[in-house]
>>> print(open('structure-v4.cif').read())   # mmCIF, C-alpha atoms
data_run
#
loop_
_atom_site.label_atom_id
_atom_site.label_comp_id
_atom_site.auth_asym_id
_atom_site.auth_seq_id
_atom_site.Cartn_x
_atom_site.Cartn_y
_atom_site.Cartn_z
CA MET X 1 172.01 102.70 186.61
CA ARG X 2 170.02 100.32 184.43
CA GLN X 3 168.85 98.29 187.42
CA ARG X 4 167.69 101.45 189.18
CA ARG X 5 165.70 102.47 186.08
CA GLU X 6 164.11 99.03 185.85
CA ASP X 7 163.22 99.16 189.55
CA GLU X 8 161.62 102.60 189.06
CA TYR X 9 159.65 101.26 186.10
CA ALA X 10 158.48 98.19 188.05
CA GLU X 11 157.38 100.38 190.96
CA PHE X 12 155.51 102.74 188.63
CA ALA X 13 153.83 99.88 186.77
CA ALA X 14 152.69 98.23 190.00
CA ALA X 15 151.28 101.52 191.31
CA ARG X 16 149.41 102.45 188.11
CA ALA X 17 148.22 99.06 186.83
CA GLY X 18 144.87 99.10 188.63
CA HIS X 19 143.96 102.61 187.56
CA LEU X 20 144.97 102.01 183.95
CA TYR X 21 143.00 98.76 183.90
CA ARG X 22 139.86 100.47 185.21
CA SER X 23 140.22 103.22 182.59
CA ALA X 24 140.75 100.61 179.89
CA CYS X 25 137.61 98.74 181.01
CA LEU X 26 135.61 101.93 180.63
CA LEU X 27 137.14 102.69 177.24
CA THR X 28 136.32 99.20 176.01
CA ALA X 29 132.86 99.30 177.62
CA GLY X 30 133.52 96.30 179.81
CA ASP X 31 135.59 94.13 177.46
CA THR X 32 138.03 92.95 180.14
CA HIS X 33 140.16 90.93 177.73
CA LEU X 34 140.74 93.87 175.42
CA ALA X 35 141.33 96.10 178.46
CA GLU X 36 144.08 93.76 179.65
CA ASP X 37 145.63 93.78 176.17
CA LEU X 38 145.57 97.58 176.03
CA VAL X 39 147.18 97.90 179.47
CA GLN X 40 149.84 95.39 178.48
CA GLU X 41 150.51 97.30 175.26
CA THR X 42 150.70 100.54 177.24
CA PHE X 43 153.23 99.11 179.67
CA GLY X 44 155.26 97.71 176.78
CA ARG X 45 155.44 101.11 175.11
CA LEU X 46 156.31 102.78 178.42
CA TYR X 47 159.09 100.28 179.11
CA VAL X 48 160.76 101.02 175.80
CA ARG X 49 160.73 104.77 176.49
CA TRP X 50 161.05 104.69 180.28
CA GLY X 51 164.34 106.59 180.30
CA ARG X 52 162.61 109.65 178.81
CA VAL X 53 159.19 109.08 180.37
CA SER X 54 160.56 108.92 183.91
CA ARG X 55 162.02 112.41 183.49
CA VAL X 56 158.73 114.05 182.45
CA GLY X 57 156.71 115.85 185.07
CA ASN X 58 153.72 113.50 184.94
CA PRO X 59 154.48 109.91 183.91
CA ALA X 60 150.98 108.83 185.02
CA GLY X 61 149.42 111.29 182.58
CA TYR X 62 151.77 110.07 179.87
CA ALA X 63 150.68 106.49 180.56
CA GLN X 64 147.01 107.49 180.31
CA THR X 65 147.72 109.20 177.00
CA VAL X 66 149.44 106.08 175.67
CA LEU X 67 146.49 103.94 176.82
CA THR X 68 143.92 106.18 175.14
CA ARG X 69 145.88 106.34 171.89
CA ALA X 70 146.35 102.56 171.93
CA PHE X 71 142.57 102.17 172.32
CA LEU X 72 141.81 104.58 169.48
CA ALA X 73 144.38 102.88 167.23
CA HIS X 74 142.81 99.52 168.02
CA GLN X 75 139.39 100.86 167.07
CA ARG X 76 140.71 102.19 163.77
CA ARG X 77 142.51 99.02 162.74
CA ARG X 78 139.73 96.54 163.45
CA SER X 79 138.93 95.48 159.91
CA SER X 80 136.10 93.13 160.78
CA ARG X 81 133.87 94.93 163.22
CA GLU X 82 133.25 92.70 166.19
CA ARG X 83 129.80 92.74 167.61
CA ALA X 84 129.34 93.35 171.29
CA THR X 85 127.00 91.06 173.15
CA SER X 86 124.72 91.80 176.03
CA MET X 87 126.52 89.18 178.10
CA PHE X 88 129.22 90.37 180.45
CA PRO X 89 131.92 88.05 181.79
CA ASP X 90 131.65 86.93 185.37
CA VAL X 91 133.70 89.47 187.28
CA PRO X 92 133.89 89.28 191.05
CA GLY X 93 132.29 92.33 192.63
CA THR X 94 134.01 94.48 195.18
CA GLY X 95 130.81 94.94 197.13
CA ASP X 96 131.23 98.71 197.18
CA GLY X 97 128.87 99.63 194.34
CA ASP X 98 125.61 98.83 192.67
CA ALA X 99 126.24 96.08 190.11
CA SER X 100 123.12 96.82 188.08
CA LEU X 101 124.08 100.50 187.77
CA ARG X 102 127.59 99.53 186.70
CA LEU X 103 126.25 97.13 184.06
CA THR X 104 123.74 99.69 182.80
CA LEU X 105 126.45 102.34 182.46
CA LEU X 106 128.85 99.93 180.74
CA ASP X 107 126.11 98.93 178.30
CA ALA X 108 125.38 102.60 177.55
CA LEU X 109 129.09 103.32 177.08
CA ALA X 110 129.35 100.36 174.70
CA ARG X 111 126.74 101.95 172.45
CA LEU X 112 128.80 105.11 171.99
CA PRO X 113 131.27 105.42 169.12
CA ALA X 114 134.87 104.82 170.24
CA LYS X 115 135.96 108.46 170.12
CA ASP X 116 132.88 109.64 172.00
CA ARG X 117 133.50 106.95 174.62
CA ALA X 118 137.14 108.07 174.93
CA VAL X 119 136.04 111.68 175.46
CA VAL X 120 133.59 110.68 178.19
CA VAL X 121 136.19 108.55 179.98
CA LEU X 122 138.89 111.21 179.78
CA ARG X 123 136.66 114.13 180.75
CA TYR X 124 134.52 112.53 183.44
CA TRP X 125 136.42 109.47 184.69
CA GLU X 126 139.94 110.91 184.44
CA ASP X 127 138.65 114.43 185.23
CA ARG X 128 140.77 116.02 182.50
CA SER X 129 140.22 119.45 181.04
CA VAL X 130 139.01 119.99 177.49
CA GLU X 131 142.53 121.02 176.45
CA GLU X 132 144.16 117.96 178.04
CA THR X 133 141.60 115.68 176.39
CA ALA X 134 142.20 117.35 173.04
CA ASP X 135 145.94 116.85 173.43
CA VAL X 136 145.55 113.16 174.30
CA MET X 137 143.26 112.53 171.34
CA ASN X 138 145.15 114.75 168.87
CA VAL X 139 142.05 116.81 168.08
CA SER X 140 141.00 120.42 168.63
CA SER X 141 139.31 121.66 171.79
CA ALA X 142 136.20 122.41 169.75
CA ALA X 143 136.09 118.78 168.59
CA VAL X 144 136.28 117.62 172.22
CA ARG X 145 133.43 119.93 173.25
CA THR X 146 131.32 118.74 170.30
CA ARG X 147 132.01 115.07 171.04
CA CYS X 148 131.30 115.64 174.74
CA SER X 149 127.97 117.26 174.02
CA ARG X 150 127.00 114.55 171.53
CA ALA X 151 128.12 111.71 173.82
CA LEU X 152 126.32 113.06 176.89
CA GLY X 153 123.15 113.60 174.85
CA ARG X 154 123.34 110.03 173.57
CA LEU X 155 123.90 108.72 177.11
CA ARG X 156 120.85 110.65 178.29
CA GLU X 157 118.81 109.07 175.48
CA LEU X 158 120.07 105.59 176.32
CA LEU X 159 119.73 105.87 180.08
CA GLY X 160 116.62 108.03 180.21
CA GLU X 161 114.79 107.72 183.49
CA ASP X 162 116.84 104.67 184.46
CA LEU X 163 119.75 106.84 185.57
CA ALA X 164 117.60 108.90 187.91
CA GLU X 165 116.14 105.69 189.35
CA TYR X 166 119.60 104.23 189.97
CA ALA X 167 120.92 107.47 191.45
CA ARG X 168 118.12 107.49 194.06
CA SER X 169 118.86 103.90 195.15
#
>>> encode(input="structure-v4.cif", output="structure tokens")
Amino acid sequence: MRQRREDEYAEFAAARAGHLYRSACLLTAGDTHLAEDLVQETFGRLYVRWGRVSRVGNPAGYAQTVLTRAFLAHQRRRSSRERATSMFPDVPGTGDGDASLRLTLLDALARLPAKDRAVVVLRYWEDRSVEETADVMNVSSAAVRTRCSRALGRLRELLGEDLAEYARS
């Protein structure tokens, strides 16, 4: 029984690792090291509770919730605010997208407050509803709508005409 549960967990973790990592990279605005740490923390928490998690209807959604809450907790507990730099680590490209657009978007995401960034990632990357996002973040639906509006306005300010230029390319 225990071996079967561990096998199920290993299969789930292998299937979801890439998606969780990409979400974590967006949440951390390109900080790949922190993204790896958050994914590792997420998988650790899931492993401890896998007996219950595997019985829920949507373990992938549960994992995303754990990841988002781990990110928000990390943002709250950072006592000495680290400063982001304009330098991104060398990451091999997949060749399927525009690198300059990706870097521009990551830079704009990095300039958003952590909770606004989390709302944008959950609503537009994860394609979650306002209610689902509110549940993940432990806030009201009105707070999600407000943060969404504020975050998108800030992104429009930061990206300005650049976004339209990149979209045409």
>>> residues_around(input="structure-v4.cif", residues="region 58-64 of chain X", least_positions_apart="5", cutoff="8 Å", atoms="all atoms listed in the file", output="list of chain:residue names")
X:Arg16, X:Leu20, X:Thr42, X:Phe43, X:Leu46, X:Val53
>>> closest_residue(input="structure-v4.cif", among="X:Arg156, X:Arg55, X:Arg5, X:His33", to="Leu109 (chain X)", atoms="all atoms listed in the file")
X:Arg156
>>> residues_near_point(input="structure-v4.cif", point="(138.9, 110.5, 177.2)", cutoff="12 Å", atoms="only C-alpha atoms", output="VMD selection string")
chain X and resid 23 to 24 26 to 28 61 64 to 69 71 to 72 114 to 139 144 to 145 147 to 148 151
>>> atom_distance(input="structure-v4.cif", atom1="CA of Arg154 (chain X)", atom2="CA of His19 (chain X)")
26.0 Å
>>> closest_residue(input="structure-v4.cif", among="X:Arg102, X:Ala108, X:Leu159, X:Tyr9", to="Trp50 (chain X)", atoms="all atoms listed in the file")
X:Tyr9
>>> atom_distance(input="structure-v4.cif", atom1="CA of Val39 (chain X)", atom2="CA of Thr146 (chain X)")
27.7 Å
>>> atom_distance(input="structure-v4.cif", atom1="CA of Asp107 (chain X)", atom2="CA of Ala29 (chain X)")
6.8 Å
>>> closest_residue(input="structure-v4.cif", among="X:Gly51, X:Arg150, X:Gln75, X:Val56", to="Gln3 (chain X)", atoms="all atoms listed in the file")
X:Gly51
>>> closest_residue(input="structure-v4.cif", among="X:Leu152, X:Ala99, X:Ala17, X:Ala142", to="Ala35 (chain X)", atoms="only C-alpha atoms")
X:Ala17
>>> closest_residue(input="structure-v4.cif", among="X:Ala143, X:Leu158, X:Ala10, X:Leu105", to="Tyr47 (chain X)", atoms="all atoms listed in the file")
X:Ala10
>>> closest_residue(input="structure-v4.cif", among="X:Leu112, X:Ser100, X:Asp37, X:Asp7", to="Gly153 (chain X)", atoms="all atoms listed in the file")
X:Leu112
>>> axis_aligned_box(input="structure-v4.cif", around="region 23-29 of chain X", padding_each_side="6 Å", output="AutoDock Vina command-line options")
--center_x 136.8 --center_y 101.0 --center_z 179.3 --size_x 19.9 --size_y 16.5 --size_z 18.6
>>> build_atoms(input="structure-v4.cif", residues="region 12-23 of chain X", atoms="all heavy atoms", output="compact mmCIF listing (two decimals), keeping the file's coordinate frame")
# COMPACT_ATOMS: atom_id res chain seq x y z
N PHE X 12 156.53 101.94 189.30
CA PHE X 12 155.51 102.74 188.63
C PHE X 12 154.41 101.85 188.07
O PHE X 12 153.22 102.12 188.25
CB PHE X 12 156.14 103.57 187.51
CG PHE X 12 155.13 104.30 186.67
CD1 PHE X 12 154.59 105.50 187.10
CD2 PHE X 12 154.69 103.77 185.46
CE1 PHE X 12 153.65 106.17 186.34
CE2 PHE X 12 153.74 104.44 184.69
CZ PHE X 12 153.23 105.64 185.13
N ALA X 13 154.81 100.78 187.39
CA ALA X 13 153.83 99.88 186.77
C ALA X 13 152.93 99.25 187.82
O ALA X 13 151.71 99.16 187.63
CB ALA X 13 154.55 98.80 185.96
N ALA X 14 153.50 98.84 188.94
CA ALA X 14 152.69 98.23 190.00
C ALA X 14 151.70 99.25 190.59
O ALA X 14 150.56 98.90 190.89
CB ALA X 14 153.60 97.69 191.10
N ALA X 15 152.14 100.49 190.72
CA ALA X 15 151.28 101.52 191.31
C ALA X 15 150.16 101.94 190.37
O ALA X 15 149.05 102.27 190.82
CB ALA X 15 152.12 102.73 191.70
N ARG X 16 150.39 101.94 189.06
CA ARG X 16 149.41 102.45 188.11
C ARG X 16 148.57 101.38 187.42
O ARG X 16 147.60 101.71 186.74
CB ARG X 16 150.11 103.27 187.02
CG ARG X 16 150.79 104.52 187.50
CD ARG X 16 149.88 105.50 188.18
NE ARG X 16 148.84 105.96 187.29
CZ ARG X 16 147.80 106.69 187.67
NH1 ARG X 16 147.67 107.04 188.92
NH2 ARG X 16 146.90 107.07 186.80
N ALA X 17 148.90 100.13 187.57
CA ALA X 17 148.22 99.06 186.83
C ALA X 17 146.72 99.05 187.07
O ALA X 17 145.93 98.97 186.14
CB ALA X 17 148.84 97.70 187.17
N GLY X 18 146.30 99.14 188.31
CA GLY X 18 144.87 99.10 188.63
C GLY X 18 144.10 100.24 188.01
O GLY X 18 143.02 100.05 187.43
N HIS X 19 144.64 101.44 188.11
CA HIS X 19 143.96 102.61 187.56
C HIS X 19 143.88 102.52 186.04
O HIS X 19 142.82 102.80 185.45
CB HIS X 19 144.69 103.88 187.99
CG HIS X 19 144.00 105.12 187.52
ND1 HIS X 19 142.90 105.63 188.17
CD2 HIS X 19 144.23 105.93 186.47
CE1 HIS X 19 142.49 106.71 187.53
NE2 HIS X 19 143.28 106.91 186.49
N LEU X 20 144.98 102.14 185.41
CA LEU X 20 144.97 102.01 183.95
C LEU X 20 143.99 100.93 183.50
O LEU X 20 143.29 101.09 182.50
CB LEU X 20 146.37 101.72 183.42
CG LEU X 20 147.35 102.88 183.44
CD1 LEU X 20 148.75 102.41 183.06
CD2 LEU X 20 146.90 104.01 182.53
N TYR X 21 143.92 99.84 184.24
CA TYR X 21 143.00 98.76 183.90
C TYR X 21 141.55 99.24 184.00
O TYR X 21 140.73 98.96 183.12
CB TYR X 21 143.24 97.54 184.78
CG TYR X 21 142.27 96.43 184.53
CD1 TYR X 21 142.34 95.68 183.35
CD2 TYR X 21 141.26 96.12 185.44
CE1 TYR X 21 141.44 94.66 183.11
CE2 TYR X 21 140.37 95.11 185.20
CZ TYR X 21 140.45 94.38 184.04
OH TYR X 21 139.56 93.37 183.79
N ARG X 22 141.22 99.96 185.06
CA ARG X 22 139.86 100.47 185.21
C ARG X 22 139.52 101.43 184.07
O ARG X 22 138.42 101.39 183.51
CB ARG X 22 139.68 101.14 186.57
CG ARG X 22 139.59 100.15 187.71
CD ARG X 22 139.24 100.80 189.04
NE ARG X 22 140.26 101.74 189.51
CZ ARG X 22 141.36 101.41 190.16
NH1 ARG X 22 141.59 100.14 190.45
NH2 ARG X 22 142.21 102.32 190.56
N SER X 23 140.45 102.31 183.71
CA SER X 23 140.22 103.22 182.59
C SER X 23 140.03 102.44 181.29
O SER X 23 139.16 102.76 180.49
CB SER X 23 141.39 104.19 182.44
OG SER X 23 141.45 105.08 183.51
